[in-house]
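K.L.:
Just structure37.pdb, nothing more (PDB, C-alpha atoms, pLDDT in the B column):
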ATOM      1  CA  ASN A   1      -6.273  -6.264  19.108  1.00 85.00           C
ATOM      2  CA  THR A   2      -2.690  -5.883  17.881  1.00 90.00           C
ATOM      3  CA  CYS A   3      -1.802  -3.082  15.460  1.00 91.00           C
ATOM      4  CA  PHE A   4       1.299  -1.118  14.398  1.00 94.00           C
ATOM      5  CA  ALA A   5       1.900   2.398  13.093  1.00 95.00           C
ATOM      6  CA  VAL A   6       5.065   3.963  11.659  1.00 96.00           C
ATOM      7  CA  GLY A   7       6.398   7.489  11.142  1.00 95.00           C
ATOM      8  CA  TRP A   8       9.216  10.004  11.581  1.00 95.00           C
ATOM      9  CA  LYS A   9      12.680   9.204  12.963  1.00 95.00           C
ATOM     10  CA  GLY A  10      12.266   5.437  12.807  1.00 96.00           C
ATOM     11  CA  THR A  11       9.129   5.474  14.932  1.00 97.00           C
ATOM     12  CA  ILE A  12       7.103   2.284  15.265  1.00 97.00           C
ATOM     13  CA  ILE A  13       4.329   2.144  17.832  1.00 97.00           C
ATOM     14  CA  ARG A  14       2.257  -0.890  18.806  1.00 96.00           C
ATOM     15  CA  THR A  15      -1.038  -1.498  20.516  1.00 95.00           C
ATOM     16  CA  THR A  16      -2.124  -4.887  21.867  1.00 94.00           C
ATOM     17  CA  ASN A  17      -5.497  -3.780  23.229  1.00 91.00           C
ATOM     18  CA  GLY A  18      -7.249  -2.361  20.209  1.00 86.00           C
ATOM     19  CA  GLY A  19      -5.739   1.120  20.398  1.00 88.00           C
ATOM     20  CA  ALA A  20      -6.421   1.950  24.052  1.00 92.00           C
ATOM     21  CA  ASP A  21      -2.685   2.084  24.757  1.00 94.00           C
ATOM     22  CA  TRP A  22       0.374   2.383  22.494  1.00 95.00           C
ATOM     23  CA  ASP A  23       4.011   1.452  23.152  1.00 95.00           C
ATOM     24  CA  THR A  24       6.996   2.938  21.297  1.00 96.00           C
ATOM     25  CA  LEU A  25       9.259   0.169  19.995  1.00 96.00           C
ATOM     26  CA  SER A  26      13.033   0.230  19.587  1.00 95.00           C
ATOM     27  CA  THR A  27      13.898   0.066  15.872  1.00 96.00           C
ATOM     28  CA  GLY A  28      17.588   0.996  15.655  1.00 94.00           C
ATOM     29  CA  THR A  29      17.039   3.634  12.953  1.00 95.00           C
ATOM     30  CA  LYS A  30      16.161   7.313  12.614  1.00 95.00           C
ATOM     31  CA  LYS A  31      14.989   6.944   9.003  1.00 94.00           C
ATOM     32  CA  TYR A  32      11.498   8.116   8.111  1.00 95.00           C
ATOM     33  CA  LEU A  33       9.295   5.013   7.936  1.00 96.00           C
ATOM     34  CA  MET A  34       6.397   5.306   5.490  1.00 95.00           C
ATOM     35  CA  CYS A  35       4.680   1.910   5.511  1.00 96.00           C
ATOM     36  CA  ILE A  36       4.222  -1.385   7.341  1.00 96.00           C
ATOM     37  CA  THR A  37       2.702  -4.766   6.489  1.00 95.00           C
ATOM     38  CA  CYS A  38       2.209  -7.888   8.601  1.00 95.00           C
ATOM     39  CA  LEU A  39       1.899 -11.532   7.594  1.00 94.00           C
ATOM     40  CA  ASP A  40       0.672 -12.485  11.048  1.00 93.00           C
ATOM     41  CA  ILE A  41       0.862 -11.236  14.632  1.00 92.00           C
ATOM     42  CA  ASN A  42       4.608 -11.994  14.803  1.00 95.00           C
ATOM     43  CA  THR A  43       6.029 -11.288  11.335  1.00 96.00           C
ATOM     44  CA  CYS A  44       5.940  -7.704  10.019  1.00 96.00           C
ATOM     45  CA  TYR A  45       7.918  -5.547   7.617  1.00 96.00           C
ATOM     46  CA  ALA A  46       8.311  -1.756   7.806  1.00 97.00           C
ATOM     47  CA  ALA A  47       9.992   0.418   5.172  1.00 96.00           C
ATOM     48  CA  GLY A  48      10.767   4.002   4.272  1.00 95.00           C
ATOM     49  CA  ASN A  49      13.444   6.473   3.173  1.00 94.00           C
ATOM     50  CA  SER A  50      16.842   5.446   1.822  1.00 92.00           C
ATOM     51  CA  GLY A  51      15.500   2.028   0.884  1.00 93.00           C
ATOM     52  CA  ILE A  52      15.367   0.842   4.485  1.00 95.00           C
ATOM     53  CA  ILE A  53      13.398  -2.307   5.344  1.00 96.00           C
ATOM     54  CA  LEU A  54      12.895  -3.576   8.894  1.00 96.00           C
ATOM     55  CA  LYS A  55      11.636  -7.052   9.757  1.00 96.00           C
ATOM     56  CA  THR A  56      10.356  -8.494  13.009  1.00 96.00           C
ATOM     57  CA  THR A  57       9.535 -12.131  13.730  1.00 96.00           C
ATOM     58  CA  ASP A  58       8.635 -11.653  17.389  1.00 96.00           C
ATOM     59  CA  GLY A  59       5.726  -9.248  17.202  1.00 95.00           C
ATOM     60  CA  GLY A  60       7.828  -6.086  17.158  1.00 96.00           C
ATOM     61  CA  ASN A  61      10.029  -6.718  20.182  1.00 96.00           C
ATOM     62  CA  SER A  62      13.114  -6.676  17.941  1.00 96.00           C
ATOM     63  CA  TRP A  63      13.715  -5.492  14.356  1.00 97.00           C
ATOM     64  CA  ASN A  64      16.395  -6.476  11.829  1.00 94.00           C
ATOM     65  CA  ILE A  65      17.432  -3.824   9.304  1.00 93.00           C
ATOM     66  CA  THR A  66      18.150  -4.437   5.624  1.00 89.00           C
ATOM     67  CA  TYR A  67      18.195  -2.201   2.550  1.00 86.00           C
ATOM     68  CA  ALA A  68      16.554  -2.767  -0.831  1.00 75.00           C
ATOM     69  CA  ILE A  69      18.308   0.087  -2.657  1.00 79.00           C
ATOM     70  CA  SER A  70      19.850   3.070  -0.922  1.00 71.00           C
ATOM     71  CA  LYS A  71      18.346   5.903  -2.981  1.00 79.00           C
ATOM     72  CA  MET A  72      14.765   4.619  -3.009  1.00 89.00           C
ATOM     73  CA  ALA A  73      12.086   6.191  -0.817  1.00 93.00           C
ATOM     74  CA  ILE A  74       9.814   3.193  -0.249  1.00 95.00           C
ATOM     75  CA  SER A  75       6.169   4.276  -0.324  1.00 94.00           C
ATOM     76  CA  SER A  76       4.581   0.854   0.247  1.00 96.00           C
ATOM     77  CA  ILE A  77       5.527  -2.717   1.094  1.00 96.00           C
ATOM     78  CA  TYR A  78       3.369  -5.810   0.651  1.00 97.00           C
ATOM     79  CA  PHE A  79       4.117  -9.478   1.289  1.00 97.00           C
ATOM     80  CA  TYR A  80       1.807 -12.081  -0.192  1.00 96.00           C
ATOM     81  CA  ASN A  81       3.477 -14.863   1.822  1.00 95.00           C
ATOM     82  CA  ASP A  82       6.705 -15.394   3.733  1.00 93.00           C
ATOM     83  CA  THR A  83       8.847 -15.363   0.570  1.00 96.00           C
ATOM     84  CA  LEU A  84       7.003 -13.276  -2.046  1.00 97.00           C
ATOM     85  CA  GLY A  85       6.933  -9.517  -1.493  1.00 97.00           C
ATOM     86  CA  PHE A  86       6.830  -6.204  -3.339  1.00 97.00           C
ATOM     87  CA  ILE A  87       7.855  -2.609  -2.661  1.00 96.00           C
ATOM     88  CA  THR A  88       7.093   0.612  -4.513  1.00 95.00           C
ATOM     89  CA  GLY A  89       8.884   3.947  -4.546  1.00 92.00           C
ATOM     90  CA  THR A  90       8.168   7.628  -4.938  1.00 87.00           C
ATOM     91  CA  GLY A  91      10.421   7.882  -8.001  1.00 84.00           C
ATOM     92  CA  GLY A  92       8.926   7.288 -11.436  1.00 83.00           C
ATOM     93  CA  GLY A  93       7.693   3.724 -11.939  1.00 87.00           C
ATOM     94  CA  GLN A  94       9.590   2.172  -9.039  1.00 91.00           C
ATOM     95  CA  VAL A  95       8.502  -1.404  -8.253  1.00 94.00           C
ATOM     96  CA  MET A  96      10.706  -4.175  -6.852  1.00 95.00           C
ATOM     97  CA  LYS A  97      10.061  -7.846  -6.061  1.00 96.00           C
ATOM     98  CA  THR A  98      11.558 -10.387  -3.685  1.00 96.00           C
ATOM     99  CA  THR A  99      11.111 -14.152  -3.791  1.00 97.00           C
ATOM    100  CA  ASP A 100      13.359 -14.943  -0.815  1.00 95.00           C
ATOM    101  CA  GLY A 101      11.654 -13.091   2.012  1.00 93.00           C
ATOM    102  CA  GLY A 102      13.356  -9.752   1.394  1.00 92.00           C
ATOM    103  CA  ILE A 103      16.981 -10.906   1.244  1.00 91.00           C
ATOM    104  CA  THR A 104      17.325  -9.786  -2.384  1.00 93.00           C
ATOM    105  CA  TRP A 105      15.192  -7.479  -4.557  1.00 93.00           C
ATOM    106  CA  ALA A 106      14.810  -7.135  -8.329  1.00 94.00           C
ATOM    107  CA  TRP A 107      13.375  -4.267 -10.376  1.00 93.00           C
ATOM    108  CA  LEU A 108      10.111  -4.802 -12.270  1.00 94.00           C
ATOM    109  CA  ASN A 109       9.585  -2.869 -15.490  1.00 88.00           C
ATOM    110  CA  ASN A 110       6.132  -1.310 -15.711  1.00 86.00           C
ATOM    111  CA  ASN A 111       4.222   1.379 -17.569  1.00 78.00           C
ATOM    112  CA  CYS A 112       4.132   4.026 -14.831  1.00 85.00           C
ATOM    113  CA  LYS A 113       5.839   7.378 -15.338  1.00 82.00           C
ATOM    114  CA  GLY A 114       5.145   8.993 -11.967  1.00 88.00           C
ATOM    115  CA  PRO A 115       5.274   7.943  -8.306  1.00 91.00           C
ATOM    116  CA  ILE A 116       3.802   4.566  -7.394  1.00 93.00           C
ATOM    117  CA  VAL A 117       2.175   4.907  -3.997  1.00 94.00           C
ATOM    118  CA  ASP A 118       0.765   1.463  -3.187  1.00 96.00           C
ATOM    119  CA  VAL A 119       0.799  -2.201  -4.240  1.00 97.00           C
ATOM    120  CA  TYR A 120      -1.508  -5.152  -3.583  1.00 97.00           C
ATOM    121  CA  PHE A 121      -1.537  -8.746  -4.865  1.00 97.00           C
ATOM    122  CA  THR A 122      -4.563 -11.029  -4.758  1.00 97.00           C
ATOM    123  CA  SER A 123      -2.498 -14.080  -5.757  1.00 97.00           C
ATOM    124  CA  GLU A 124       1.122 -14.868  -6.566  1.00 97.00           C
ATOM    125  CA  SER A 125       0.495 -13.746 -10.144  1.00 97.00           C
ATOM    126  CA  ASP A 126      -2.284 -11.111  -9.971  1.00 97.00           C
ATOM    127  CA  GLY A 127      -1.489  -7.687  -8.604  1.00 97.00           C
ATOM    128  CA  PHE A 128      -2.017  -3.936  -8.864  1.00 97.00           C
ATOM    129  CA  VAL A 129      -0.008  -0.782  -8.298  1.00 96.00           C
ATOM    130  CA  VAL A 130      -1.571   2.673  -8.034  1.00 96.00           C
ATOM    131  CA  GLY A 131      -0.233   6.209  -8.159  1.00 94.00           C
ATOM    132  CA  TYR A 132      -0.281   9.171 -10.486  1.00 94.00           C
ATOM    133  CA  ASN A 133       1.528  11.035 -13.236  1.00 91.00           C
ATOM    134  CA  TRP A 134       1.432  14.754 -14.074  1.00 88.00           C
ATOM    135  CA  ASP A 135      -0.183  16.587 -16.957  1.00 85.00           C
ATOM    136  CA  LEU A 136       2.390  19.355 -17.129  1.00 82.00           C
ATOM    137  CA  SER A 137       0.362  21.479 -19.531  1.00 85.00           C
ATOM    138  CA  ASN A 138      -2.641  21.632 -17.196  1.00 83.00           C
ATOM    139  CA  LYS A 139      -0.670  21.106 -13.971  1.00 87.00           C
ATOM    140  CA  THR A 140      -3.052  18.349 -12.867  1.00 92.00           C
ATOM    141  CA  PRO A 141      -2.445  14.758 -11.738  1.00 93.00           C
ATOM    142  CA  ILE A 142      -3.364  11.799 -13.941  1.00 92.00           C
ATOM    143  CA  SER A 143      -4.547   8.739 -12.020  1.00 94.00           C
ATOM    144  CA  GLU A 144      -2.645   5.546 -12.744  1.00 94.00           C
ATOM    145  CA  ILE A 145      -3.750   1.961 -12.099  1.00 96.00           C
ATOM    146  CA  VAL A 146      -1.502  -0.750 -13.498  1.00 95.00           C
ATOM    147  CA  GLN A 147      -2.224  -4.485 -13.388  1.00 96.00           C
ATOM    148  CA  THR A 148      -0.095  -7.618 -13.730  1.00 97.00           C
ATOM    149  CA  THR A 149      -1.309 -11.188 -14.223  1.00 97.00           C
ATOM    150  CA  ASP A 150       2.097 -12.863 -14.307  1.00 97.00           C
ATOM    151  CA  GLY A 151       3.726 -11.863 -11.051  1.00 96.00           C
ATOM    152  CA  GLY A 152       5.071  -8.540 -12.281  1.00 96.00           C
ATOM    153  CA  THR A 153       6.809  -9.524 -15.509  1.00 95.00           C
ATOM    154  CA  ASN A 154       4.302  -7.639 -17.632  1.00 95.00           C
ATOM    155  CA  TRP A 155       2.001  -4.753 -16.680  1.00 95.00           C
ATOM    156  CA  THR A 156      -1.091  -3.242 -18.302  1.00 94.00           C
ATOM    157  CA  LYS A 157      -2.526   0.203 -17.605  1.00 93.00           C
ATOM    158  CA  ILE A 158      -6.227   0.401 -16.769  1.00 94.00           C
ATOM    159  CA  ASN A 159      -7.941   3.493 -18.137  1.00 89.00           C
ATOM    160  CA  VAL A 160      -9.982   5.297 -15.477  1.00 91.00           C
ATOM    161  CA  SER A 161      -9.939   8.860 -16.938  1.00 88.00           C
ATOM    162  CA  LEU A 162      -9.459  10.442 -13.524  1.00 94.00           C
ATOM    163  CA  ASN A 163      -7.358  13.423 -12.447  1.00 94.00           C
ATOM    164  CA  GLU A 164      -6.602  12.446  -8.848  1.00 96.00           C
ATOM    165  CA  MET A 165      -3.612  11.133  -6.907  1.00 96.00           C
ATOM    166  CA  LEU A 166      -4.320   7.530  -5.949  1.00 96.00           C
ATOM    167  CA  ASN A 167      -2.896   6.598  -2.547  1.00 96.00           C
ATOM    168  CA  SER A 168      -4.006   3.110  -1.522  1.00 97.00           C
ATOM    169  CA  VAL A 169      -5.409  -0.121  -2.982  1.00 98.00           C
ATOM    170  CA  PHE A 170      -6.979  -3.045  -1.104  1.00 97.00           C
ATOM    171  CA  PHE A 171      -8.893  -6.150  -2.180  1.00 97.00           C
ATOM    172  CA  VAL A 172     -11.531  -7.777   0.015  1.00 95.00           C
ATOM    173  CA  ASN A 173     -11.386 -10.922  -2.129  1.00 94.00           C
ATOM    174  CA  ASN A 174     -10.274 -11.831  -5.646  1.00 94.00           C
ATOM    175  CA  ASN A 175     -13.183  -9.917  -7.192  1.00 95.00           C
ATOM    176  CA  ILE A 176     -13.908  -6.906  -4.979  1.00 94.00           C
ATOM    177  CA  GLY A 177     -11.331  -4.178  -4.465  1.00 96.00           C
ATOM    178  CA  PHE A 178     -11.079  -0.490  -3.568  1.00 96.00           C
ATOM    179  CA  ILE A 179      -8.740   2.424  -4.306  1.00 97.00           C
ATOM    180  CA  VAL A 180      -8.712   5.762  -2.475  1.00 97.00           C
ATOM    181  CA  GLY A 181      -7.121   9.109  -3.276  1.00 97.00           C
ATOM    182  CA  THR A 182      -7.379  12.875  -3.319  1.00 97.00           C
ATOM    183  CA  SER A 183     -10.685  14.827  -3.323  1.00 96.00           C
ATOM    184  CA  GLY A 184     -12.399  12.034  -1.372  1.00 96.00           C
ATOM    185  CA  THR A 185     -11.959   9.595  -4.242  1.00 97.00           C
ATOM    186  CA  ILE A 186     -13.105   5.995  -3.733  1.00 96.00           C
ATOM    187  CA  LEU A 187     -12.970   3.584  -6.666  1.00 96.00           C
ATOM    188  CA  LYS A 188     -14.522   0.114  -6.489  1.00 95.00           C
ATOM    189  CA  THR A 189     -14.167  -2.953  -8.683  1.00 95.00           C
ATOM    190  CA  THR A 190     -16.342  -6.059  -8.638  1.00 94.00           C
ATOM    191  CA  ASP A 191     -14.658  -7.806 -11.576  1.00 96.00           C
ATOM    192  CA  SER A 192     -11.114  -8.416 -10.310  1.00 96.00           C
ATOM    193  CA  GLY A 193      -9.894  -4.959 -11.289  1.00 95.00           C
ATOM    194  CA  ASN A 194     -10.839  -4.969 -14.946  1.00 94.00           C
ATOM    195  CA  THR A 195     -13.145  -1.969 -14.451  1.00 95.00           C
ATOM    196  CA  TRP A 196     -13.364   0.618 -11.666  1.00 96.00           C
ATOM    197  CA  ASN A 197     -16.316   2.805 -10.683  1.00 94.00           C
ATOM    198  CA  ASN A 198     -16.174   6.039  -8.701  1.00 92.00           C
ATOM    199  CA  ILE A 199     -18.426   5.875  -5.618  1.00 91.00           C
ATOM    200  CA  SER A 200     -19.373   8.625  -3.186  1.00 91.00           C
ATOM    201  CA  SER A 201     -17.324   9.008  -0.009  1.00 93.00           C
ATOM    202  CA  GLY A 202     -19.195  11.971   1.453  1.00 93.00           C
ATOM    203  CA  THR A 203     -15.991  14.009   1.785  1.00 96.00           C
ATOM    204  CA  THR A 204     -13.603  15.999  -0.391  1.00 96.00           C
ATOM    205  CA  ASN A 205     -10.650  15.428   1.951  1.00 97.00           C
ATOM    206  CA  THR A 206      -7.673  13.482   0.666  1.00 97.00           C
ATOM    207  CA  LEU A 207      -8.002   9.795   1.566  1.00 97.00           C
ATOM    208  CA  MET A 208      -4.695   8.121   2.358  1.00 96.00           C
ATOM    209  CA  ASP A 209      -5.301   4.466   3.209  1.00 95.00           C
ATOM    210  CA  ILE A 210      -7.962   1.732   3.172  1.00 95.00           C
ATOM    211  CA  TYR A 211      -8.159  -1.597   4.997  1.00 94.00           C
ATOM    212  CA  PHE A 212     -10.832  -4.255   5.541  1.00 93.00           C
ATOM    213  CA  ILE A 213     -10.736  -6.581   8.544  1.00 88.00           C
ATOM    214  CA  ASN A 214     -13.265  -8.897   6.874  1.00 88.00           C
ATOM    215  CA  THR A 215     -15.565  -8.832   3.838  1.00 86.00           C
ATOM    216  CA  SER A 216     -17.979  -6.404   5.526  1.00 89.00           C
ATOM    217  CA  VAL A 217     -16.045  -4.136   7.885  1.00 91.00           C
ATOM    218  CA  GLY A 218     -13.559  -1.677   6.449  1.00 92.00           C
ATOM    219  CA  PHE A 219     -11.905   1.629   7.319  1.00 94.00           C
ATOM    220  CA  ILE A 220     -10.504   4.571   5.387  1.00 94.00           C
ATOM    221  CA  VAL A 221      -8.290   7.265   6.899  1.00 95.00           C
ATOM    222  CA  GLY A 222      -7.327  10.625   5.452  1.00 95.00           C
ATOM    223  CA  VAL A 223      -6.156  14.151   6.130  1.00 95.00           C
ATOM    224  CA  LYS A 224      -7.736  16.474   8.698  1.00 93.00           C
ATOM    225  CA  GLY A 225      -8.549  13.509  10.929  1.00 92.00           C
ATOM    226  CA  THR A 226     -10.863  11.871   8.381  1.00 95.00           C
ATOM    227  CA  ILE A 227     -11.981   8.347   9.316  1.00 93.00           C
ATOM    228  CA  LEU A 228     -14.618   6.491   7.301  1.00 94.00           C
ATOM    229  CA  LYS A 229     -16.113   3.114   8.201  1.00 93.00           C
ATOM    230  CA  THR A 230     -18.323   0.632   6.387  1.00 92.00           C
ATOM    231  CA  ILE A 231     -20.056  -2.376   7.928  1.00 90.00           C
ATOM    232  CA  ASP A 232     -21.678  -3.689   4.751  1.00 84.00           C
ATOM    233  CA  GLY A 233     -18.786  -4.015   2.320  1.00 71.00           C
ATOM    234  CA  ARG A 234     -19.034  -0.348   1.239  1.00 62.00           C
ATOM    235  CA  ASN A 235     -22.681  -0.305   0.241  1.00 63.00           C
ATOM    236  CA  THR A 236     -22.747   2.563   2.775  1.00 61.00           C
TER     237      THR A 236
END
Would you put the structure from the file into structure tokens?

P.N.:
Amino acid sequence: NTCFAVGWKGTIIRTTNGGADWDTLSTGTKKYLMCITCLDINTCYAAGNSGIILKTTDGGNSWNITYAISKMAISSIYFYNDTLGFITGTGGGQVMKTTDGGITWAWLNNNCKGPIVDVYFTSESDGFVVGYNWDLSNKTPISEIVQTTDGGTNWTKINVSLNEMLNSVFFVNNNIGFIVGTSGTILKTTDSGNTWNNISSGTTNTLMDIYFINTSVGFIVGVKGTILKTIDGRNT
């Protein structure tokens, strides 16, 4: 029943009754917040412009502010456990890692040239970042999916031959994962991310985020009020 959303001027809102009512929380910042992730009902991290990271350990009643790096616009934040976390940025190839719960952050070299929009890890060693680069000659985006199997030390690009901006990645389990992006793009893997297949979404609207609450029920949200839902693990 509990959920959070973030936005402009340091806004964090919270519902505890499944979205029927929302409360605006005090955050202590006016920075634009772009992303939020929760380890459990009490511990959450939010992040955004100027490298700001906020952490709560009491379900959002209070937030502590830290900074990863001042000039980084953080596009996504993901914690695998209470110590291991990752952030990505809108600058070219920006990925950072923490192993002490967000106290310190270190850059990870990767093969991305353009903005990295989202990150997800299925284990302490196996993870993915997604985003896009630009084909300047044709003025079109080039989809980028990059995988690590050693906790971010080394990264390998996965060829998908797609000209879309990829916005979000989520894995239901170690084998099955999804990526969403512009033009209604949904990509699905059933082999731990080694290959990705384009599946029909029924819309051409830009899809911004994807999340599954269990192996069957998942949601996608996008522009123009787009909301998609599956109850069979995205067979429909």

K.L.:
Compile a residue-level contact table for region 94-181 of chain A against region 187-209 of chain A at a cut-off of 12 Å, reporting for every qualifying residue the shortest atom pair and its distance in Å to one decimal, with all atoms listed in the file counted, rows ordered by chain and ascending number, as CSV.

P.N.:
residue,atom,partner,partner_atom,distance
A:Val117,CA,A:Met208,CA,9.9
A:Asp118,CA,A:Asp209,CA,9.3
A:Val119,CA,A:Asp209,CA,11.7
A:Tyr120,CA,A:Gly193,CA,11.4
A:Phe121,CA,A:Ser192,CA,11.0
A:Thr122,CA,A:Ser192,CA,9.0
A:Ser123,CA,A:Ser192,CA,11.3
A:Asp126,CA,A:Ser192,CA,9.2
A:Gly127,CA,A:Gly193,CA,9.2
A:Phe128,CA,A:Gly193,CA,8.3
A:Val129,CA,A:Gly193,CA,11.1
A:Val130,CA,A:Leu187,CA,11.5
A:Gly131,CA,A:Met208,CA,11.6
A:Ser143,CA,A:Leu187,CA,11.2
A:Glu144,CA,A:Trp196,CA,11.8
A:Ile145,CA,A:Gly193,CA,9.3
A:Val146,CA,A:Gly193,CA,9.6
A:Gln147,CA,A:Gly193,CA,8.0
A:Thr148,CA,A:Gly193,CA,10.4
A:Thr149,CA,A:Ser192,CA,10.9
A:Thr156,CA,A:Asn194,CA,10.5
A:Lys157,CA,A:Asn194,CA,10.1
A:Ile158,CA,A:Asn194,CA,7.3
A:Asn159,CA,A:Thr195,CA,8.4
A:Val160,CA,A:Trp196,CA,6.9
A:Ser161,CA,A:Trp196,CA,10.4
A:Leu162,CA,A:Asn198,CA,9.4
A:Glu164,CA,A:Thr206,CA,9.6
A:Met165,CA,A:Thr206,CA,8.9
A:Leu166,CA,A:Met208,CA,8.3
A:Asn167,CA,A:Met208,CA,5.4
A:Ser168,CA,A:Asp209,CA,5.1
A:Val169,CA,A:Asp209,CA,7.7
A:Phe170,CA,A:Asp209,CA,8.8
A:Phe171,CA,A:Ser192,CA,8.7
A:Val172,CA,A:Thr190,CA,10.0
A:Asn173,CA,A:Ser192,CA,8.6
A:Asn174,CA,A:Ser192,CA,5.8
A:Asn175,CA,A:Ser192,CA,4.0
A:Ile176,CA,A:Thr190,CA,4.5
A:Gly177,CA,A:Thr189,CA,5.2
A:Phe178,CA,A:Lys188,CA,4.6
A:Ile179,CA,A:Leu187,CA,5.0
A:Val180,CA,A:Leu207,CA,5.8
A:Gly181,CA,A:Leu207,CA,5.0

K.L.:
Looking at only C-alpha atoms, which of A:Ala5, A:Ile103, A:Ile13, A:Leu33 is the one that sits closest to Ser75 (chain A)?

P.N.:
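Using only C-alpha atoms, Ser75 (chain A) sits closest to A:Leu33.
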
K.L.:
Could you work out an axis-aligned bounding box for all listed atoms of region 219-230 of chain A, with 8 Å added on each of the six sides, and give its centre and edge lengths in Å to one decimal, as JSON?

P.N.:
{"center_x": -12.2, "center_y": 8.6, "center_z": 8.2, "size_x": 28.2, "size_y": 31.8, "size_z": 21.5}

K.L.:
When you draw a straight line from CA of Thr153 (chain A) to CA of Asn109 (chain A), how long is it in Å?

P.N.:
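Computing the Euclidean distance for CA of Thr153 (chain A) and CA of Asn109 (chain A) yields 7.2 Å.
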
K.L.:
Show me, as an mmCIF file with C-alpha atoms, in the frame of the given file, the residues that have an atom within 8 Å of region 87-94 of chain A when counting only C-alpha atoms, minus same-chain residues fewer than 2 positions from it.

P.N.:
data_model
loop_
_atom_site.group_PDB
_atom_site.id
_atom_site.type_symbol
_atom_site.label_atom_id
_atom_site.label_comp_id
_atom_site.auth_asym_id
_atom_site.auth_seq_id
_atom_site.Cartn_x
_atom_site.Cartn_y
_atom_site.Cartn_z
ATOM 1 C CA MET A 72 14.765 4.619 -3.009
ATOM 2 C CA ALA A 73 12.086 6.191 -0.817
ATOM 3 C CA ILE A 74 9.814 3.193 -0.249
ATOM 4 C CA SER A 75 6.169 4.276 -0.324
ATOM 5 C CA SER A 76 4.581 0.854 0.247
ATOM 6 C CA ILE A 77 5.527 -2.717 1.094
ATOM 7 C CA TYR A 78 3.369 -5.810 0.651
ATOM 8 C CA GLY A 85 6.933 -9.517 -1.493
ATOM 9 C CA MET A 96 10.706 -4.175 -6.852
ATOM 10 C CA LYS A 97 10.061 -7.846 -6.061
ATOM 11 C CA TRP A 107 13.375 -4.267 -10.376
ATOM 12 C CA LEU A 108 10.111 -4.802 -12.270
ATOM 13 C CA ASN A 109 9.585 -2.869 -15.490
ATOM 14 C CA ASN A 110 6.132 -1.310 -15.711
ATOM 15 C CA ASN A 111 4.222 1.379 -17.569
ATOM 16 C CA CYS A 112 4.132 4.026 -14.831
ATOM 17 C CA LYS A 113 5.839 7.378 -15.338
ATOM 18 C CA GLY A 114 5.145 8.993 -11.967
ATOM 19 C CA PRO A 115 5.274 7.943 -8.306
ATOM 20 C CA ILE A 116 3.802 4.566 -7.394
ATOM 21 C CA VAL A 117 2.175 4.907 -3.997
ATOM 22 C CA ASP A 118 0.765 1.463 -3.187
ATOM 23 C CA VAL A 119 0.799 -2.201 -4.240
#

K.L.:
Taking 2 positions as the minimum chain separation for residues in the same chain, which residues sit within 12 Å of Lys30 (chain A) when counting all atoms listed in the file? Answer as a ChimeraX atom specification.

P.N.:
/A:6-12,26-28,32-33,47-50,52,54,65

K.L.:
For those residues, write C-alpha atoms to a file as a PDB file, in the coordinates of the input.

P.N.:
ATOM      1  CA  VAL A   6       5.065   3.963  11.659  1.00 96.00           C
ATOM      2  CA  GLY A   7       6.398   7.489  11.142  1.00 95.00           C
ATOM      3  CA  TRP A   8       9.216  10.004  11.581  1.00 95.00           C
ATOM      4  CA  LYS A   9      12.680   9.204  12.963  1.00 95.00           C
ATOM      5  CA  GLY A  10      12.266   5.437  12.807  1.00 96.00           C
ATOM      6  CA  THR A  11       9.129   5.474  14.932  1.00 97.00           C
ATOM      7  CA  ILE A  12       7.103   2.284  15.265  1.00 97.00           C
ATOM      8  CA  SER A  26      13.033   0.230  19.587  1.00 95.00           C
ATOM      9  CA  THR A  27      13.898   0.066  15.872  1.00 96.00           C
ATOM     10  CA  GLY A  28      17.588   0.996  15.655  1.00 94.00           C
ATOM     11  CA  TYR A  32      11.498   8.116   8.111  1.00 95.00           C
ATOM     12  CA  LEU A  33       9.295   5.013   7.936  1.00 96.00           C
ATOM     13  CA  ALA A  47       9.992   0.418   5.172  1.00 96.00           C
ATOM     14  CA  GLY A  48      10.767   4.002   4.272  1.00 95.00           C
ATOM     15  CA  ASN A  49      13.444   6.473   3.173  1.00 94.00           C
ATOM     16  CA  SER A  50      16.842   5.446   1.822  1.00 92.00           C
ATOM     17  CA  ILE A  52      15.367   0.842   4.485  1.00 95.00           C
ATOM     18  CA  LEU A  54      12.895  -3.576   8.894  1.00 96.00           C
ATOM     19  CA  ILE A  65      17.432  -3.824   9.304  1.00 93.00           C
TER      20      ILE A  65
END

K.L.:
Could you check how far CA of Thr99 (chain A) sits from CA of Asp150 (chain A), in Å to one decimal?

P.N.:
13.9 Å

K.L.:
State, in Å with one decimal place, the distance from CA of Asn133 (chain A) to CA of Ser183 (chain A).

P.N.:
16.2 Å

K.L.:
Once the PyMOL selection byres ((chain A and resi 44) around 9) has been evaluated on this model, what residues remain selected, and can you format them as a list of chain:residue names?

P.N.:
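Expected selection for the PyMOL selection byres ((chain A and resi 44) around 9) here is A:Ile36, A:Thr37, A:Cys38, A:Leu39, A:Asp40, A:Ile41, A:Asn42, A:Thr43, A:Tyr45, A:Ala46, A:Leu54, A:Lys55, A:Thr56, A:Thr57, A:Asp58, A:Gly59, A:Gly60.
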
K.L.:
I'd like to know which of A:Asp23, A:Ser62, A:Glu124, A:Ile53 is closest to Asp82 (chain A), using all atoms listed in the file.

P.N.:
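Residue with the minimum atom-to-atom distance to Asp82 (chain A): A:Glu124.
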